[in-house]
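Next comes start.txt, with compact mmCIF, C-alpha atoms and all ligand atoms.
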# COMPACT_ATOMS: atom_id res chain seq x y z
CA MET B 272 0.00 0.00 0.00
CA ARG B 273 1.26 3.49 -0.86
CA LYS B 274 2.34 5.66 2.09
CA LYS B 275 -0.22 8.32 2.98
CA ALA B 276 0.75 11.76 1.67
CA ASN B 277 1.43 14.66 4.05
CA ILE B 278 -0.78 17.61 3.21
CA VAL B 279 -0.86 21.02 4.89
CA VAL B 280 -4.26 22.74 4.91
CA ILE B 281 -4.03 26.52 5.33
CA GLY B 282 -7.22 28.29 6.38
CA THR B 283 -7.96 31.88 5.36
CA GLY B 284 -11.74 32.20 5.88
CA GLY B 285 -14.65 32.52 3.45
CA THR B 286 -17.96 30.68 3.20
CA ILE B 287 -16.25 27.34 3.70
CA ALA B 288 -15.59 28.70 7.21
CA GLY B 289 -19.08 30.19 7.53
CA ARG B 290 -22.11 29.35 9.64
CA GLY B 291 -25.81 30.15 9.13
CA GLU B 292 -28.50 30.42 11.76
CA THR B 293 -30.49 27.61 10.17
CA ALA B 294 -29.84 24.95 7.56
CA SER B 295 -31.99 26.87 5.10
CA ASN B 296 -29.59 29.84 5.17
CA THR B 297 -27.74 28.93 2.00
CA SER B 298 -26.86 32.52 1.06
CA ALA B 299 -27.28 34.58 4.26
CA TYR B 300 -24.83 33.54 6.98
CA ALA B 301 -21.79 34.66 8.93
CA CYS B 302 -18.57 34.21 6.95
CA SER B 303 -15.11 33.29 8.23
CA VAL B 304 -16.12 32.07 11.70
CA LEU B 305 -15.13 28.37 11.77
CA THR B 306 -11.49 27.54 12.33
CA ILE B 307 -9.75 25.26 9.88
CA ASP B 308 -9.50 22.61 12.64
CA ARG B 309 -13.27 22.64 13.06
CA ILE B 310 -13.89 22.48 9.34
CA LEU B 311 -11.65 19.43 9.01
CA ALA B 312 -13.05 17.77 12.14
CA ALA B 313 -16.48 17.76 10.51
CA ILE B 314 -15.18 15.57 7.64
CA PRO B 315 -13.80 12.38 9.29
CA GLU B 316 -13.40 10.77 5.83
CA VAL B 317 -10.41 12.97 5.03
CA SER B 318 -8.11 11.21 7.52
CA SER B 319 -8.17 8.07 5.36
CA LEU B 320 -6.84 10.08 2.39
CA ALA B 321 -3.81 11.86 3.87
CA ASN B 322 -1.93 12.91 6.97
CA LEU B 323 -3.24 16.42 7.45
CA ARG B 324 -1.74 19.35 9.27
CA ALA B 325 -3.95 22.42 9.65
CA GLU B 326 -2.81 26.02 9.93
CA GLN B 327 -4.93 29.13 10.42
CA LEU B 328 -3.16 31.85 8.45
CA MET B 329 -6.02 34.37 8.41
CA GLN B 330 -9.76 34.44 9.03
CA THR B 331 -11.38 36.92 6.67
CA GLY B 332 -13.60 37.18 3.59
CA SER B 333 -11.68 37.21 0.34
CA GLU B 334 -13.41 40.43 -0.78
CA ASN B 335 -10.94 42.13 1.61
CA PHE B 336 -7.81 40.63 0.09
CA ASN B 337 -5.30 43.25 -1.03
CA ASN B 338 -1.71 42.88 -2.23
CA GLU B 339 -0.42 42.30 1.32
CA HIS B 340 -2.81 39.36 1.74
CA LEU B 341 -1.60 37.89 -1.57
CA LEU B 342 2.02 38.18 -0.47
CA LYS B 343 1.28 36.72 2.95
CA ILE B 344 -0.48 33.67 1.50
CA GLY B 345 2.14 33.18 -1.22
CA LYS B 346 5.09 33.39 1.15
CA ARG B 347 3.54 30.96 3.62
CA VAL B 348 2.63 28.43 0.94
CA SER B 349 6.15 28.67 -0.48
CA GLU B 350 7.70 28.12 2.94
CA VAL B 351 5.53 25.07 3.61
CA LEU B 352 6.30 23.57 0.17
CA LYS B 353 10.04 23.70 0.92
CA ASP B 354 9.60 21.14 3.71
CA ASN B 355 10.68 17.81 2.20
CA ASP B 356 8.06 16.00 4.27
CA VAL B 357 5.21 18.01 2.73
CA ASP B 358 3.66 16.53 -0.42
CA GLY B 359 1.11 19.23 -1.18
CA VAL B 360 -0.74 22.27 0.12
CA ILE B 361 -4.40 23.21 0.25
CA VAL B 362 -5.58 26.77 0.86
CA THR B 363 -9.19 27.19 1.99
CA HIS B 364 -10.41 30.54 0.71
CA GLY B 365 -13.49 32.68 0.11
CA THR B 366 -14.79 32.14 -3.38
CA ASP B 367 -15.16 35.82 -4.33
CA THR B 368 -11.51 36.33 -5.23
CA ILE B 369 -10.26 32.74 -5.20
CA GLU B 370 -9.31 33.13 -8.87
CA GLU B 371 -6.96 36.02 -8.17
CA THR B 372 -5.10 34.37 -5.28
CA ALA B 373 -4.88 31.10 -7.18
CA TYR B 374 -3.50 32.85 -10.29
CA PHE B 375 -0.97 34.75 -8.18
CA LEU B 376 0.27 31.46 -6.66
CA HIS B 377 0.25 29.82 -10.12
CA LEU B 378 2.65 32.50 -11.39
CA THR B 379 4.95 32.88 -8.37
CA LEU B 380 5.42 29.53 -6.59
CA LYS B 381 8.53 27.59 -7.46
CA SER B 382 7.43 24.02 -6.90
CA VAL B 383 5.89 21.13 -8.81
CA LYS B 384 4.07 19.91 -5.71
CA PRO B 385 0.27 20.20 -5.95
CA VAL B 386 -1.27 23.38 -4.57
CA VAL B 387 -5.06 23.43 -4.47
CA VAL B 388 -7.20 26.43 -3.55
CA VAL B 389 -10.71 25.53 -2.45
CA GLY B 390 -13.83 27.25 -1.15
CA SER B 391 -17.54 26.63 -1.07
CA MET B 392 -20.65 28.45 -2.19
CA ARG B 393 -22.70 27.32 0.84
CA PRO B 394 -21.49 27.22 4.44
CA PRO B 395 -21.04 23.81 6.11
CA SER B 396 -24.23 24.49 8.12
CA ALA B 397 -26.48 24.77 5.04
CA MET B 398 -28.63 22.16 3.32
CA SER B 399 -26.75 20.61 0.40
CA SER B 400 -23.57 22.43 1.35
CA ASP B 401 -20.66 21.91 -1.03
CA ALA B 402 -18.08 22.61 1.72
CA SER B 403 -17.25 19.05 2.80
CA LEU B 404 -17.17 17.51 -0.64
CA ASN B 405 -15.13 20.35 -2.14
CA LEU B 406 -12.53 20.01 0.61
CA TYR B 407 -12.53 16.22 0.37
CA ASP B 408 -12.05 16.48 -3.39
CA ALA B 409 -9.29 19.07 -2.94
CA ILE B 410 -7.40 16.64 -0.70
CA ALA B 411 -7.92 13.87 -3.23
CA VAL B 412 -6.42 16.15 -5.90
CA ALA B 413 -3.51 17.27 -3.70
CA ILE B 414 -2.38 13.70 -2.95
CA ALA B 415 -2.56 12.54 -6.58
CA PRO B 416 0.80 12.18 -8.39
CA ALA B 417 -1.03 13.27 -11.57
CA SER B 418 -1.57 16.71 -10.01
CA ARG B 419 2.16 17.44 -9.79
CA GLY B 420 3.52 19.99 -12.23
CA LYS B 421 0.10 21.35 -13.20
CA GLY B 422 0.45 24.62 -11.31
CA THR B 423 -2.13 25.90 -8.86
CA LEU B 424 -5.50 24.23 -9.13
CA VAL B 425 -8.98 25.26 -8.00
CA VAL B 426 -11.36 22.46 -7.08
CA ALA B 427 -15.11 23.07 -6.96
CA ASN B 428 -18.27 21.13 -7.68
CA ASN B 429 -16.39 17.94 -8.71
CA GLU B 430 -14.24 19.84 -11.19
CA ILE B 431 -10.51 20.62 -11.30
CA HIS B 432 -9.67 23.98 -12.88
CA THR B 433 -6.37 25.60 -13.77
CA ALA B 434 -5.84 28.82 -11.82
CA ARG B 435 -5.11 30.63 -15.08
CA ASP B 436 -8.55 30.16 -16.51
CA VAL B 437 -11.05 29.70 -13.71
CA MET B 438 -13.55 32.42 -12.78
CA LYS B 439 -16.43 32.74 -10.40
CA THR B 440 -19.33 33.29 -12.77
CA ASN B 441 -22.36 33.11 -10.51
CA SER B 442 -23.09 34.88 -7.22
CA PHE B 443 -24.94 32.07 -5.42
CA LYS B 444 -25.28 28.82 -7.35
CA LEU B 445 -23.15 25.77 -6.55
CA GLU B 446 -22.20 25.62 -10.20
CA ALA B 447 -20.35 28.93 -10.03
CA PHE B 448 -16.88 28.14 -11.37
CA ARG B 449 -16.12 28.04 -15.05
CA SER B 450 -13.04 27.99 -17.22
CA PRO B 451 -13.67 29.35 -20.73
CA TYR B 452 -12.00 26.31 -22.32
CA GLY B 453 -13.41 23.81 -19.80
CA ALA B 454 -12.10 22.24 -16.61
CA LEU B 455 -8.86 20.22 -16.62
CA GLY B 456 -10.74 17.28 -15.17
CA TYR B 457 -13.22 15.87 -12.70
CA VAL B 458 -13.02 14.37 -9.24
CA ALA B 459 -15.22 11.29 -9.00
CA GLU B 460 -15.43 9.15 -5.84
CA GLY B 461 -12.26 10.73 -4.48
CA GLU B 462 -10.28 10.08 -7.69
CA PRO B 463 -9.07 12.94 -9.90
CA ARG B 464 -9.40 12.29 -13.62
CA TYR B 465 -7.49 14.67 -15.86
CA TYR B 466 -8.40 15.24 -19.51
CA ARG B 467 -6.41 18.39 -20.35
CA MET B 468 -3.18 20.20 -19.41
CA PRO B 469 -2.53 23.92 -18.74
CA SER B 470 -0.87 25.22 -21.89
CA ARG B 471 0.69 28.51 -20.69
CA ASP B 472 3.85 28.83 -18.53
CA HIS B 473 3.40 28.70 -14.76
CA THR B 474 5.22 28.02 -11.45
CA VAL B 475 8.77 26.79 -12.19
CA LEU B 476 8.68 28.23 -15.73
CA THR B 477 7.88 31.83 -14.78
CA GLU B 478 10.26 34.71 -14.11
CA TRP B 479 8.87 35.42 -10.61
CA SER B 480 9.54 33.82 -7.25
CA ILE B 481 7.31 34.75 -4.35
CA ASP B 482 10.35 34.51 -2.07
CA ARG B 483 11.84 37.57 -3.77
CA ILE B 484 8.74 39.78 -3.97
CA GLU B 485 8.30 42.27 -1.12
CA ILE B 486 5.92 44.76 -2.68
CA LEU B 487 3.66 44.86 -5.73
CA PRO B 488 3.08 47.93 -7.90
CA LYS B 489 -0.34 49.55 -7.75
CA VAL B 490 -2.61 48.52 -10.60
CA ASP B 491 -6.25 49.59 -10.72
CA ILE B 492 -9.19 48.47 -12.85
CA VAL B 493 -11.58 50.89 -14.55
CA TYR B 494 -14.91 49.43 -15.68
CA ALA B 495 -16.11 51.04 -18.89
CA TYR B 496 -19.52 52.47 -19.71
CA GLY B 497 -20.49 55.29 -22.02
CA ALA B 498 -21.11 57.82 -19.25
CA LEU B 499 -17.76 57.18 -17.53
CA GLY B 500 -16.30 60.52 -16.48
CA GLU B 501 -12.88 61.31 -17.96
CA GLU B 502 -11.72 62.63 -14.58
CA VAL B 503 -11.66 59.00 -13.37
CA ILE B 504 -8.63 58.32 -15.60
CA GLY B 505 -6.70 61.25 -14.12
CA THR B 506 -7.52 60.13 -10.58
CA VAL B 507 -6.29 56.59 -11.26
CA ALA B 508 -3.19 57.87 -13.06
CA SER B 509 -2.23 60.06 -10.12
CA GLU B 510 -2.04 57.05 -7.79
CA ALA B 511 -1.39 53.91 -9.82
CA ASN B 512 1.41 52.55 -11.99
CA GLY B 513 -0.90 50.50 -14.16
CA LEU B 514 -4.52 50.49 -15.30
CA ILE B 515 -6.62 47.65 -16.63
CA TYR B 516 -9.30 49.23 -18.78
CA ALA B 517 -12.22 46.78 -18.75
CA GLY B 518 -13.60 48.10 -22.02
CA THR B 519 -16.89 47.23 -23.62
CA GLY B 520 -16.90 44.35 -26.11
CA ASN B 521 -13.47 43.92 -27.72
CA GLY B 522 -11.79 46.32 -25.28
CA ASN B 523 -13.50 49.33 -26.81
CA VAL B 524 -12.73 52.77 -25.41
CA ALA B 525 -15.34 55.55 -25.58
CA GLU B 526 -14.23 58.52 -27.71
CA HIS B 527 -14.06 60.97 -24.79
CA ILE B 528 -11.86 58.55 -22.80
CA VAL B 529 -9.23 58.05 -25.52
CA GLY B 530 -7.54 61.45 -24.98
CA PRO B 531 -7.19 61.18 -21.19
CA LEU B 532 -5.98 57.57 -21.48
CA VAL B 533 -3.35 58.48 -24.10
CA ALA B 534 -2.20 61.45 -22.01
CA ALA B 535 -1.85 59.24 -18.92
CA THR B 536 0.06 56.65 -20.96
CA ARG B 537 2.52 59.34 -22.15
CA GLN B 538 3.10 60.26 -18.52
CA GLY B 539 4.10 56.68 -17.70
CA LEU B 540 0.89 54.86 -16.77
CA HIS B 541 0.74 51.36 -18.28
CA VAL B 542 -2.68 50.87 -19.84
CA VAL B 543 -3.98 47.41 -20.67
CA ARG B 544 -7.10 47.07 -22.80
CA ALA B 545 -9.30 44.25 -21.52
CA SER B 546 -12.94 43.33 -22.02
CA ARG B 547 -15.70 43.64 -19.49
CA THR B 548 -17.36 40.63 -21.17
CA GLY B 549 -14.82 38.51 -19.27
CA ASN B 550 -14.45 36.21 -22.27
CA GLY B 551 -12.74 36.18 -25.64
CA VAL B 552 -9.63 37.81 -27.05
CA VAL B 553 -8.91 41.54 -27.27
CA ILE B 554 -7.23 42.10 -30.62
CA ARG B 555 -4.10 44.26 -30.63
CA ASN B 556 -4.45 47.25 -33.00
CA GLY B 557 -8.02 46.08 -33.66
CA THR B 558 -10.49 48.72 -32.50
CA GLN B 559 -7.69 51.02 -31.25
CA PRO B 560 -4.18 51.78 -32.61
CA ASP B 561 -2.38 50.26 -29.61
CA ASP B 562 1.07 50.64 -31.21
CA ASP B 563 0.54 54.39 -31.64
CA TYR B 564 -0.90 54.91 -28.18
CA GLY B 565 1.56 52.69 -26.30
CA TRP B 566 -1.21 50.48 -24.99
CA ILE B 567 -1.08 46.79 -24.15
CA VAL B 568 -3.83 44.24 -24.80
CA VAL B 569 -4.90 41.52 -22.46
CA ASP B 570 -5.04 38.57 -24.87
CA ASP B 571 -7.93 36.56 -23.33
CA GLN B 572 -7.46 37.32 -19.64
CA ALA B 573 -10.27 38.66 -17.42
CA PRO B 574 -9.66 42.15 -15.97
CA GLN B 575 -9.22 40.97 -12.36
CA LYS B 576 -6.60 38.43 -13.40
CA ALA B 577 -4.96 40.82 -15.84
CA ARG B 578 -4.38 43.03 -12.81
CA ILE B 579 -2.39 40.24 -11.11
CA LEU B 580 -0.34 39.59 -14.24
CA LEU B 581 0.41 43.27 -14.90
CA MET B 582 1.62 43.77 -11.32
CA LEU B 583 4.05 40.88 -11.73
CA ALA B 584 5.14 41.82 -15.25
CA MET B 585 5.93 45.35 -14.03
CA LEU B 586 8.28 43.91 -11.42
CA SER B 587 10.45 42.50 -14.21
CA ASN B 588 9.94 45.31 -16.71
CA PRO B 589 8.76 48.52 -15.12
CA ASP B 590 9.22 50.50 -18.35
CA LYS B 591 9.39 48.21 -21.37
CA ARG B 592 5.91 48.04 -22.85
CA CYS B 593 6.80 45.37 -25.42
CA ALA B 594 7.94 43.10 -22.58
CA LEU B 595 4.69 43.77 -20.72
CA GLN B 596 2.74 42.86 -23.84
CA ALA B 597 4.80 39.68 -24.24
CA ALA B 598 3.86 38.61 -20.70
CA PHE B 599 0.17 38.65 -21.67
CA TYR B 600 0.86 36.32 -24.59
CA ARG B 601 3.10 34.00 -22.57
CA TYR B 602 1.20 33.41 -19.30
N1 LIG B 701 -17.15 36.68 1.85
C1 LIG B 701 -17.04 35.96 0.61
C2 LIG B 701 -15.59 35.55 0.40
O1 LIG B 701 -14.90 35.29 1.36
C3 LIG B 701 -17.91 34.79 0.66
C4 LIG B 701 -17.99 34.07 -0.62
C5 LIG B 701 -17.59 32.63 -0.52
O2 LIG B 701 -16.64 32.25 0.15
O3 LIG B 701 -18.28 31.83 -1.19
O4 LIG B 701 -15.14 35.47 -0.70
Would you put the structure from the file into structure tokens?
Amino acid sequence: MRKKANIVVIGTGGTIAGRGETASNTSAYACSVLTIDRILAAIPEVSSLANLRAEQLMQTGSENFNNEHLLKIGKRVSEVLKDNDVDGVIVTHGTDTIEETAYFLHLTLKSVKPVVVVGSMRPPSAMSSDASLNLYDAIAVAIAPASRGKGTLVVANNEIHTARDVMKTNSFKLEAFRSPYGALGYVAEGEPRYYRMPSRDHTVLTEWSIDRIEILPKVDIVYAYGALGEEVIGTVASEANGLIYAGTGNGNVAEHIVGPLVAATRQGLHVVRASRTGNGVVIRNGTQPDDDYGWIVVDDQAPQKARILLMLAMLSNPDKRCALQAAFYRY
């Protein structure tokens, strides 16, 4: 019989650590109240899968997570992965921004060991909660040799997603997580089954190591609509080093916004054209002359994940826009 794997489960809060007043409170409940020890104690089945060690790193909703939270999680996961006795790491996390933390880990951890980020849409106290099964499945994925070298994974609703692609696409349904090109695989009866591989560079193949990142540049997101005031661009430019412009459709920019955005770009702000549709490719020099304006396009990345990538790309290339553009086509 194979030796049981040693898995560290790091708790950070979220609905998976939530509790409702009654079992019918599937959407209204207190978040981030159960400790990671209590969450695990409620799933006795997990002890047959792996030797588990639990750690409470934080206890807060992921809507609060800023760059310091990202760095804190990344550095702790990296430290734990360096222990030769540890075979994999699970991070329990609120689902609101799980995709951003997971993508940050995917790009900055330097290990082939499985790292799985998991949350739930319903608290453990609710009817038909997904908390126990999601965590059980996450452990099943973390112990599987087939999960090594695939970067950071997000497990939800019996599916395994790559951190690069996954997004929360529904505010309350169990079936909330989608990857535009489909999940990498399923978890069935505690067995991961993979059908696809991540195709873009991650973890050991990237230029960033979390161990060497102390601060991240400020990148903001502006959500486009026709009545957007042009003063918003100036306000962002005065504070931030980068701006993800979540444009309409194919990264379209309203006529009255073009001037202020170009002016801010000339003064050093890095502007990335993305799409508020959250899907599809933004074509370089398509609806806007990006070469002339010094703008970058997002390829197919969602604005909230483009923000993570731009922050990292600016660490390596604070000034070279062609290198920033290349990062969007590589990762
Ligand atoms: N407070 C939200 C968060 O931590 C709850 C959402 C969830 O975990 O499903 O992201």
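Taking only C-alpha atoms and all ligand atoms into account, ligand LIG 701 (chain B) has within 8 Å the residues Gly284, Gly285, Thr286, Ile287, Ala288, Cys302, Ser303, Thr331, Gly332, Ser333, Glu334, Asn335, His364, Gly365, Thr366, Asp367, Thr368, Ile369, Gly390, Ser391, Met392, Arg393, Pro394 and Phe443 of chain B.
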- request: Do a neighbour search on Arg347 (chain B) at 10 Å with only C-alpha atoms, toss out local chain neighbours closer than 6 positions, and write the hits as a VMD selection string.
  value: chain B and resid 281 328 481 to 482
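Across the model, the gap from CA of Ser509 (chain B) to CA of Arg483 (chain B) is 27.3 Å.
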Got a sec: who's within 6 Å of Ile492 (chain B), counting only C-alpha atoms, leaving out chain neighbours fewer than 5 positions off, as a ChimeraX atom specification? /B:514-516
Counting only C-alpha atoms, the residue among B:Gly565, B:Gly289, B:Gly530, B:Pro589 that lies closest to Ala402 (chain B) is B:Gly289
Under the rule that only C-alpha atoms are counted, which of B:Asn277, B:Ser396, B:Thr306, B:Asn521 is the nearest residue to Val568 (chain B)?
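Using only C-alpha atoms, the shortest distance to Val568 (chain B) belongs to B:Asn521.
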Quick one: pull the distance between CA of Val383 (chain B) and CA of Val426 (chain B), Å, one decimal.
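Rounded to one decimal, the two atoms are 17.4 Å apart.
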Generate N, CA, C and O atoms for region 376-394 of chain B and emit them as a PDB file, keeping the file's coordinate frame.
ATOM      1  N   LEU B 376      -0.570  32.600  -7.080  1.00  0.00           N
ATOM      2  CA  LEU B 376       0.270  31.460  -6.660  1.00  0.00           C
ATOM      3  C   LEU B 376       0.787  30.708  -7.885  1.00  0.00           C
ATOM      4  O   LEU B 376       1.950  30.284  -7.936  1.00  0.00           O
ATOM      5  N   HIS B 377      -0.069  30.528  -8.868  1.00  0.00           N
ATOM      6  CA  HIS B 377       0.250  29.820 -10.120  1.00  0.00           C
ATOM      7  C   HIS B 377       1.468  30.448 -10.809  1.00  0.00           C
ATOM      8  O   HIS B 377       2.286  29.771 -11.417  1.00  0.00           O
ATOM      9  N   LEU B 378       1.575  31.783 -10.693  1.00  0.00           N
ATOM     10  CA  LEU B 378       2.650  32.500 -11.390  1.00  0.00           C
ATOM     11  C   LEU B 378       3.902  32.694 -10.532  1.00  0.00           C
ATOM     12  O   LEU B 378       4.958  33.032 -11.068  1.00  0.00           O
ATOM     13  N   THR B 379       3.811  32.493  -9.224  1.00  0.00           N
ATOM     14  CA  THR B 379       4.950  32.880  -8.370  1.00  0.00           C
ATOM     15  C   THR B 379       5.536  31.763  -7.516  1.00  0.00           C
ATOM     16  O   THR B 379       6.599  31.961  -6.927  1.00  0.00           O
ATOM     17  N   LEU B 380       4.851  30.622  -7.400  1.00  0.00           N
ATOM     18  CA  LEU B 380       5.420  29.530  -6.590  1.00  0.00           C
ATOM     19  C   LEU B 380       6.446  28.778  -7.421  1.00  0.00           C
ATOM     20  O   LEU B 380       6.289  28.620  -8.630  1.00  0.00           O
ATOM     21  N   LYS B 381       7.462  28.299  -6.744  1.00  0.00           N
ATOM     22  CA  LYS B 381       8.530  27.590  -7.460  1.00  0.00           C
ATOM     23  C   LYS B 381       8.555  26.133  -7.022  1.00  0.00           C
ATOM     24  O   LYS B 381       9.496  25.682  -6.364  1.00  0.00           O
ATOM     25  N   SER B 382       7.515  25.411  -7.321  1.00  0.00           N
ATOM     26  CA  SER B 382       7.430  24.020  -6.900  1.00  0.00           C
ATOM     27  C   SER B 382       6.519  23.258  -7.851  1.00  0.00           C
ATOM     28  O   SER B 382       5.578  23.837  -8.413  1.00  0.00           O
ATOM     29  N   VAL B 383       6.799  21.966  -8.006  1.00  0.00           N
ATOM     30  CA  VAL B 383       5.890  21.130  -8.810  1.00  0.00           C
ATOM     31  C   VAL B 383       4.881  20.408  -7.915  1.00  0.00           C
ATOM     32  O   VAL B 383       4.004  19.692  -8.401  1.00  0.00           O
ATOM     33  N   LYS B 384       5.015  20.588  -6.601  1.00  0.00           N
ATOM     34  CA  LYS B 384       4.070  19.910  -5.710  1.00  0.00           C
ATOM     35  C   LYS B 384       2.659  20.497  -5.897  1.00  0.00           C
ATOM     36  O   LYS B 384       2.520  21.710  -6.128  1.00  0.00           O
ATOM     37  N   PRO B 385       1.639  19.680  -5.748  1.00  0.00           N
ATOM     38  CA  PRO B 385       0.270  20.200  -5.950  1.00  0.00           C
ATOM     39  C   PRO B 385      -0.108  21.265  -4.923  1.00  0.00           C
ATOM     40  O   PRO B 385       0.149  21.107  -3.731  1.00  0.00           O
ATOM     41  N   VAL B 386      -0.697  22.337  -5.425  1.00  0.00           N
ATOM     42  CA  VAL B 386      -1.270  23.380  -4.570  1.00  0.00           C
ATOM     43  C   VAL B 386      -2.718  23.548  -5.042  1.00  0.00           C
ATOM     44  O   VAL B 386      -2.965  23.796  -6.218  1.00  0.00           O
ATOM     45  N   VAL B 387      -3.639  23.368  -4.122  1.00  0.00           N
ATOM     46  CA  VAL B 387      -5.060  23.430  -4.470  1.00  0.00           C
ATOM     47  C   VAL B 387      -5.730  24.501  -3.626  1.00  0.00           C
ATOM     48  O   VAL B 387      -5.582  24.518  -2.404  1.00  0.00           O
ATOM     49  N   VAL B 388      -6.442  25.409  -4.269  1.00  0.00           N
ATOM     50  CA  VAL B 388      -7.200  26.430  -3.550  1.00  0.00           C
ATOM     51  C   VAL B 388      -8.674  26.031  -3.636  1.00  0.00           C
ATOM     52  O   VAL B 388      -9.167  25.694  -4.716  1.00  0.00           O
ATOM     53  N   VAL B 389      -9.338  26.048  -2.480  1.00  0.00           N
ATOM     54  CA  VAL B 389     -10.710  25.530  -2.450  1.00  0.00           C
ATOM     55  C   VAL B 389     -11.596  26.397  -1.566  1.00  0.00           C
ATOM     56  O   VAL B 389     -11.131  26.950  -0.564  1.00  0.00           O
ATOM     57  N   GLY B 390     -12.849  26.534  -1.962  1.00  0.00           N
ATOM     58  CA  GLY B 390     -13.830  27.250  -1.150  1.00  0.00           C
ATOM     59  C   GLY B 390     -15.158  26.545  -1.273  1.00  0.00           C
ATOM     60  O   GLY B 390     -15.236  25.395  -1.735  1.00  0.00           O
ATOM     61  N   SER B 391     -16.209  27.209  -0.867  1.00  0.00           N
ATOM     62  CA  SER B 391     -17.540  26.630  -1.070  1.00  0.00           C
ATOM     63  C   SER B 391     -18.527  27.761  -1.276  1.00  0.00           C
ATOM     64  O   SER B 391     -18.305  28.889  -0.829  1.00  0.00           O
ATOM     65  N   MET B 392     -19.611  27.451  -1.937  1.00  0.00           N
ATOM     66  CA  MET B 392     -20.650  28.450  -2.190  1.00  0.00           C
ATOM     67  C   MET B 392     -21.665  28.486  -1.050  1.00  0.00           C
ATOM     68  O   MET B 392     -22.373  29.460  -0.878  1.00  0.00           O
ATOM     69  N   ARG B 393     -21.785  27.373  -0.311  1.00  0.00           N
ATOM     70  CA  ARG B 393     -22.700  27.320   0.840  1.00  0.00           C
ATOM     71  C   ARG B 393     -21.900  26.966   2.078  1.00  0.00           C
ATOM     72  O   ARG B 393     -20.978  26.141   2.001  1.00  0.00           O
ATOM     73  N   PRO B 394     -22.252  27.539   3.233  1.00  0.00           N
ATOM     74  CA  PRO B 394     -21.490  27.220   4.440  1.00  0.00           C
ATOM     75  C   PRO B 394     -21.749  25.769   4.872  1.00  0.00           C
ATOM     76  O   PRO B 394     -22.767  25.183   4.483  1.00  0.00           O
TER      77      PRO B 394
END
